[in-house]
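Novice: Input: one structure, supplied below.
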Amino acid sequence: MPEDNLAQFKQIIAKLPEDKRKLLYKRLHDMPTSEREAFIGEFVKKYNSTAKKPVSGSAKKTSANAPVSKSDKKPASQGAPSTAKSGKKPAPQGGSSAVKSGKKPTSQGSSSAANSGRKPSAQGSAAPASKKAQQQSKNVPAKSEHSTEHKQEKAQEHKPEQKQESKKHLAEHIPEHRPEPEQAPESEPKKASSSQSIILGIIVAVFLVGALYFVYLFNKQNIDNKFNEAFGMPASETTETTEESDGIMGPEPRHFPINTPTPIPATPTPAPVVLRDDHPDLSGLVIVLDPGHQAEYDHELEESIPGTTAEKERATTGATGIDSGAKEYEITLRYALIMKEYLEGCGAEVILTREENEVNISNIERANIAVENNADYFIRIHADSAPDSEISGVKVYVPSTGKYSSSAVSDGKDLAEKVAEAIGSTSLGVVQSNMYTGLNHADSVKSYQLVVGYLSNSDDDALLGKEETAYNTAVAVSEFLAE
């Protein structure tokens with residue numbers, strides 16, 4: 001790129017406003033090098049040609065009538081001022097045009113001939129120009145006083161106009177790089193579509209929540225087990241694996257208290273328990289009996305499985321007879337008192353976890369009584385309730401942990417069968433589970449949770465209310481402990 005073009009280009013853009021200059025620089029930056037040099041050269045050329053254009057006809061008249069200098073020299077032609085400014089000697093009577101152009105000079109073309117640099121021809125065509133110059137020189141003295149001031153004023157008039165024309169020339173190129181204005185109408189459809197997407201997302205979310213809820217209702221037990229397993233809660237139960245496979249799998253018994261309008265009378269003082277002639281000898285055994293539940297409900301939580309975050313309520317009141325209205329905590333205490341007397345008659349040492357209903361003793365505290373007394377057996381007595389009123393029979397729960405877990409299933413099955421046969425009921429088998437706090441915290445002892453029957457079933461409700469059922473249960477337990 002010619003250095004004079006680059007220098008003139010820098011001078012031109014230095015006069016521009018900052019925003020115009022940045023846009024012009026941006027355009028140059030985006031161009032390839034070859035196009036950039038051509039653009040600068042064209043830009044400088046157009047700027048110079050625009051700056052040289054006369055503004056009006058009055059300016060031409062002023063420049064034509066202006067004297068060459070303050071001296072009394074005669075002007076050769078209309079082109080004499082340019083000669084005087086360049087520092088060269090003027091050619092006589094328009095000869096300057098002939099010198100530079102090599103053509104016959106005319107009265108109006110003397111200045112262009114002087115600038116062309118060509119040799120003058122031999123023909124003397126300066127006469128017409130000299131006559132016109134003489135006529136112009138006659139008019140000069142009248143305007144000589146104001147000629148200098150007039151030139152300065154006209155020169156000042158040209159400058160703003162030339163700047164405006166140069167800015168106009170730059171403006172022709174700059175708009176190509178201006179960012180297109182944002183189209184406002186398009187924002188409204190975008191907002192509308194965004195609102196529709198939000199509404200659609202809410203509808204889909206509500207539908208999914210509803211679908212998940214229905215799935216949960218139909219698979220509640222499995223989902224609860226998975227949830228409990230993930231958070232260390234009691235998860236599931238395992239049936240026995242013996243060949244007879246009499247055990248069943250089931251969830252933790254649920255208790256559905258039933259309000260009865262007529263309360264049952266107080267339990268009379270039991271008569272002395274009579275030992276059978278063939279009773280076993282249980283001397284040396286330490287037995288801890290735990291009458292399930294209590295009259296006071298304790299909602300405070302305690303650790304269900306040792307070493308985990310699983311928790312359950314400390315104590316509950318238990319089930320209620322569907323017909324009799326009998327409370328489970330009353331039935332279990334009555335059975336425990338009769339069993340204690342019978343087993344002590346057989347020679348065993350028997351300890352009760354509670355001897356009255358109005359107590360507050362948690363399941364862990366009950367288990368600790370068995371552990372702290374180095375019991376040989378820990379038997380928990382219950383009378384459960386089930387959602388299905390058709391369920392009835394005798395069931396035994398055993399812990400899934402501890403040193404007796406491998407033999408607990410077969411032993412529990414034997415206990416369920418002996419009690420069911422003694423009271424005239426049906427054995428529902430054994431369930432090995434980690435869902436019971438009292439069993440989990442006493443797994444260092446041979447522990448069994450004996451469900452004598454279901455108060456939610458009318459037949460079992462009636463059976464559990466009989467004194468002979470409690471006595472026969474005690475006899476069956478003594479036979480189990482003797483093995």
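Identifiers in the structure tokens: chain A, B, ... in order shown; residue index from 1 per chain; ligand index from 1 in order shown.
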Apply DSSP to the structure's backbone, then extract all residues of stretch 255-346 of chain A labelled alpha helix (DSSP H) and return them as a list in words.

Specialist: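 Written out, the alpha helix (DSSP H) residues of stretch 255-346 of chain A are Glu328, Tyr329, Glu330, Ile331, Thr332, Leu333, Arg334, Tyr335, Ala336, Leu337, Ile338, Met339, Lys340, Glu341, Tyr342, Leu343, Glu344 and Gly345 of chain A.
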
Novice: Restricting the output to N, CA and C atoms, write the selected residues as an mmCIF file, in the first residue's frame.

Specialist:
data_model
loop_
_atom_site.group_PDB
_atom_site.id
_atom_site.type_symbol
_atom_site.label_atom_id
_atom_site.label_comp_id
_atom_site.auth_asym_id
_atom_site.auth_seq_id
_atom_site.Cartn_x
_atom_site.Cartn_y
_atom_site.Cartn_z
ATOM 1 N N GLU A 328 -55.818 -55.720 74.255
ATOM 2 C CA GLU A 328 -54.717 -56.670 74.132
ATOM 3 C C GLU A 328 -53.805 -56.634 75.340
ATOM 4 N N TYR A 329 -53.496 -55.418 75.845
ATOM 5 C CA TYR A 329 -52.567 -55.336 76.966
ATOM 6 C C TYR A 329 -53.144 -56.003 78.221
ATOM 7 N N GLU A 330 -54.499 -56.084 78.342
ATOM 8 C CA GLU A 330 -55.116 -56.775 79.475
ATOM 9 C C GLU A 330 -55.018 -58.297 79.309
ATOM 10 N N ILE A 331 -55.273 -58.752 78.064
ATOM 11 C CA ILE A 331 -55.229 -60.200 77.797
ATOM 12 C C ILE A 331 -53.817 -60.729 77.993
ATOM 13 N N THR A 332 -52.824 -60.038 77.473
ATOM 14 C CA THR A 332 -51.446 -60.544 77.556
ATOM 15 C C THR A 332 -50.957 -60.602 78.996
ATOM 16 N N LEU A 333 -51.347 -59.621 79.837
ATOM 17 C CA LEU A 333 -50.929 -59.674 81.230
ATOM 18 C C LEU A 333 -51.585 -60.856 81.950
ATOM 19 N N ARG A 334 -52.846 -61.124 81.674
ATOM 20 C CA ARG A 334 -53.531 -62.252 82.285
ATOM 21 C C ARG A 334 -52.859 -63.562 81.905
ATOM 22 N N TYR A 335 -52.520 -63.727 80.617
ATOM 23 C CA TYR A 335 -51.853 -64.947 80.153
ATOM 24 C C TYR A 335 -50.468 -65.088 80.801
ATOM 25 N N ALA A 336 -49.731 -63.956 80.941
ATOM 26 C CA ALA A 336 -48.382 -63.992 81.514
ATOM 27 C C ALA A 336 -48.414 -64.399 82.989
ATOM 28 N N LEU A 337 -49.421 -63.916 83.732
ATOM 29 C CA LEU A 337 -49.513 -64.260 85.158
ATOM 30 C C LEU A 337 -49.790 -65.750 85.350
ATOM 31 N N ILE A 338 -50.701 -66.311 84.534
ATOM 32 C CA ILE A 338 -51.012 -67.745 84.630
ATOM 33 C C ILE A 338 -49.796 -68.572 84.216
ATOM 34 N N MET A 339 -49.114 -68.151 83.146
ATOM 35 C CA MET A 339 -47.941 -68.882 82.660
ATOM 36 C C MET A 339 -46.813 -68.838 83.676
ATOM 37 N N LYS A 340 -46.643 -67.689 84.318
ATOM 38 C CA LYS A 340 -45.583 -67.567 85.329
ATOM 39 C C LYS A 340 -45.813 -68.572 86.467
ATOM 40 N N GLU A 341 -47.047 -68.629 86.934
ATOM 41 C CA GLU A 341 -47.350 -69.531 88.048
ATOM 42 C C GLU A 341 -47.132 -70.997 87.653
ATOM 43 N N TYR A 342 -47.512 -71.326 86.451
ATOM 44 C CA TYR A 342 -47.368 -72.720 86.003
ATOM 45 C C TYR A 342 -45.892 -73.085 85.831
ATOM 46 N N LEU A 343 -45.115 -72.222 85.204
ATOM 47 C CA LEU A 343 -43.691 -72.518 84.965
ATOM 48 C C LEU A 343 -42.908 -72.555 86.270
ATOM 49 N N GLU A 344 -43.272 -71.681 87.204
ATOM 50 C CA GLU A 344 -42.609 -71.733 88.504
ATOM 51 C C GLU A 344 -42.933 -73.052 89.222
ATOM 52 N N GLY A 345 -44.163 -73.544 88.971
ATOM 53 C CA GLY A 345 -44.518 -74.846 89.537
ATOM 54 C C GLY A 345 -43.686 -75.959 88.937
#

Novice: Check which residues of stretch 365-455 of chain A sit at most 12 Å from stretch 346-360 of chain A using only C-alpha atoms, and return one row each with the closest pair of atoms and their distance in Å to one decimal, ordered by chain and rising number, as JSON lines.

Specialist:
{"residue": "A:Glu365", "atom": "CA", "partner": "A:Thr353", "partner_atom": "CA", "distance": 8.6}
{"residue": "A:Arg366", "atom": "CA", "partner": "A:Thr353", "partner_atom": "CA", "distance": 5.8}
{"residue": "A:Ala367", "atom": "CA", "partner": "A:Thr353", "partner_atom": "CA", "distance": 8.7}
{"residue": "A:Asn368", "atom": "CA", "partner": "A:Thr353", "partner_atom": "CA", "distance": 9.6}
{"residue": "A:Ile369", "atom": "CA", "partner": "A:Thr353", "partner_atom": "CA", "distance": 6.9}
{"residue": "A:Ala370", "atom": "CA", "partner": "A:Ile351", "partner_atom": "CA", "distance": 8.5}
{"residue": "A:Val371", "atom": "CA", "partner": "A:Thr353", "partner_atom": "CA", "distance": 11.8}
{"residue": "A:Glu372", "atom": "CA", "partner": "A:Ile351", "partner_atom": "CA", "distance": 11.5}
{"residue": "A:Asn373", "atom": "CA", "partner": "A:Ile351", "partner_atom": "CA", "distance": 8.9}
{"residue": "A:Asn374", "atom": "CA", "partner": "A:Ile351", "partner_atom": "CA", "distance": 11.2}
{"residue": "A:Ala375", "atom": "CA", "partner": "A:Ile351", "partner_atom": "CA", "distance": 9.1}
{"residue": "A:Asp376", "atom": "CA", "partner": "A:Glu349", "partner_atom": "CA", "distance": 10.0}
{"residue": "A:Tyr377", "atom": "CA", "partner": "A:Val350", "partner_atom": "CA", "distance": 9.8}
{"residue": "A:Phe378", "atom": "CA", "partner": "A:Ile351", "partner_atom": "CA", "distance": 9.7}
{"residue": "A:Ile379", "atom": "CA", "partner": "A:Leu352", "partner_atom": "CA", "distance": 10.0}
{"residue": "A:Arg380", "atom": "CA", "partner": "A:Thr353", "partner_atom": "CA", "distance": 9.6}
{"residue": "A:Ile381", "atom": "CA", "partner": "A:Leu352", "partner_atom": "CA", "distance": 11.1}
{"residue": "A:Gly438", "atom": "CA", "partner": "A:Thr353", "partner_atom": "CA", "distance": 11.5}

Novice: Could you write out that same residue set with N, CA and C atoms as a compact mmCIF listing (two decimals), in the first residue's frame?

Specialist:
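Generated output (part-v9.txt):
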# COMPACT_ATOMS: atom_id res chain seq x y z
N GLU A 365 -36.37 -51.56 76.77
CA GLU A 365 -36.26 -51.83 78.21
C GLU A 365 -36.73 -53.24 78.55
N ARG A 366 -37.76 -53.72 77.85
CA ARG A 366 -38.23 -55.08 78.07
C ARG A 366 -37.15 -56.09 77.65
N ALA A 367 -36.54 -55.84 76.48
CA ALA A 367 -35.49 -56.74 76.00
C ALA A 367 -34.29 -56.74 76.93
N ASN A 368 -33.97 -55.57 77.47
CA ASN A 368 -32.81 -55.48 78.37
C ASN A 368 -33.01 -56.29 79.65
N ILE A 369 -34.27 -56.43 80.08
CA ILE A 369 -34.54 -57.25 81.28
C ILE A 369 -34.11 -58.69 81.03
N ALA A 370 -34.39 -59.19 79.85
CA ALA A 370 -33.99 -60.56 79.50
C ALA A 370 -32.48 -60.68 79.39
N VAL A 371 -31.84 -59.71 78.77
CA VAL A 371 -30.39 -59.77 78.57
C VAL A 371 -29.66 -59.62 79.90
N GLU A 372 -30.08 -58.67 80.71
CA GLU A 372 -29.39 -58.40 81.97
C GLU A 372 -29.55 -59.55 82.98
N ASN A 373 -30.63 -60.35 82.88
CA ASN A 373 -30.84 -61.46 83.80
C ASN A 373 -30.32 -62.78 83.25
N ASN A 374 -29.59 -62.70 82.13
CA ASN A 374 -29.02 -63.91 81.51
C ASN A 374 -30.08 -65.00 81.33
N ALA A 375 -31.20 -64.57 80.77
CA ALA A 375 -32.32 -65.49 80.60
C ALA A 375 -31.98 -66.58 79.59
N ASP A 376 -32.55 -67.76 79.84
CA ASP A 376 -32.40 -68.85 78.87
C ASP A 376 -33.42 -68.70 77.74
N TYR A 377 -34.58 -68.14 78.08
CA TYR A 377 -35.63 -67.91 77.08
C TYR A 377 -36.30 -66.57 77.36
N PHE A 378 -36.68 -65.91 76.26
CA PHE A 378 -37.41 -64.64 76.33
C PHE A 378 -38.66 -64.82 75.48
N ILE A 379 -39.83 -64.91 76.17
CA ILE A 379 -41.09 -65.16 75.46
C ILE A 379 -41.99 -63.94 75.58
N ARG A 380 -42.34 -63.35 74.43
CA ARG A 380 -43.22 -62.18 74.38
C ARG A 380 -44.62 -62.66 73.99
N ILE A 381 -45.63 -62.30 74.76
CA ILE A 381 -47.00 -62.77 74.56
C ILE A 381 -47.82 -61.67 73.91
N GLY A 438 -38.22 -55.41 70.33
CA GLY A 438 -37.95 -56.28 71.47
C GLY A 438 -37.15 -57.51 71.10

Novice: Excluding A:Leu28 and residues on its chain fewer than 2 positions from it, collect all residues at most 12 Å away from it, counting only C-alpha atoms, and give them as a ChimeraX atom specification.

Specialist: /A:9,21-26,30-40,43,173-174,177

Novice: A:Phe480, A:Tyr436, A:Tyr216, A:Phe207: which is nearest A:Ile305, counting only C-alpha atoms?

Specialist: A:Tyr436

Novice: Which residue is closest to A:Val445? Choose from A:Asn457, A:Thr317, A:Ser410, A:Ser405 and count only C-alpha atoms.

Specialist: A:Ser405
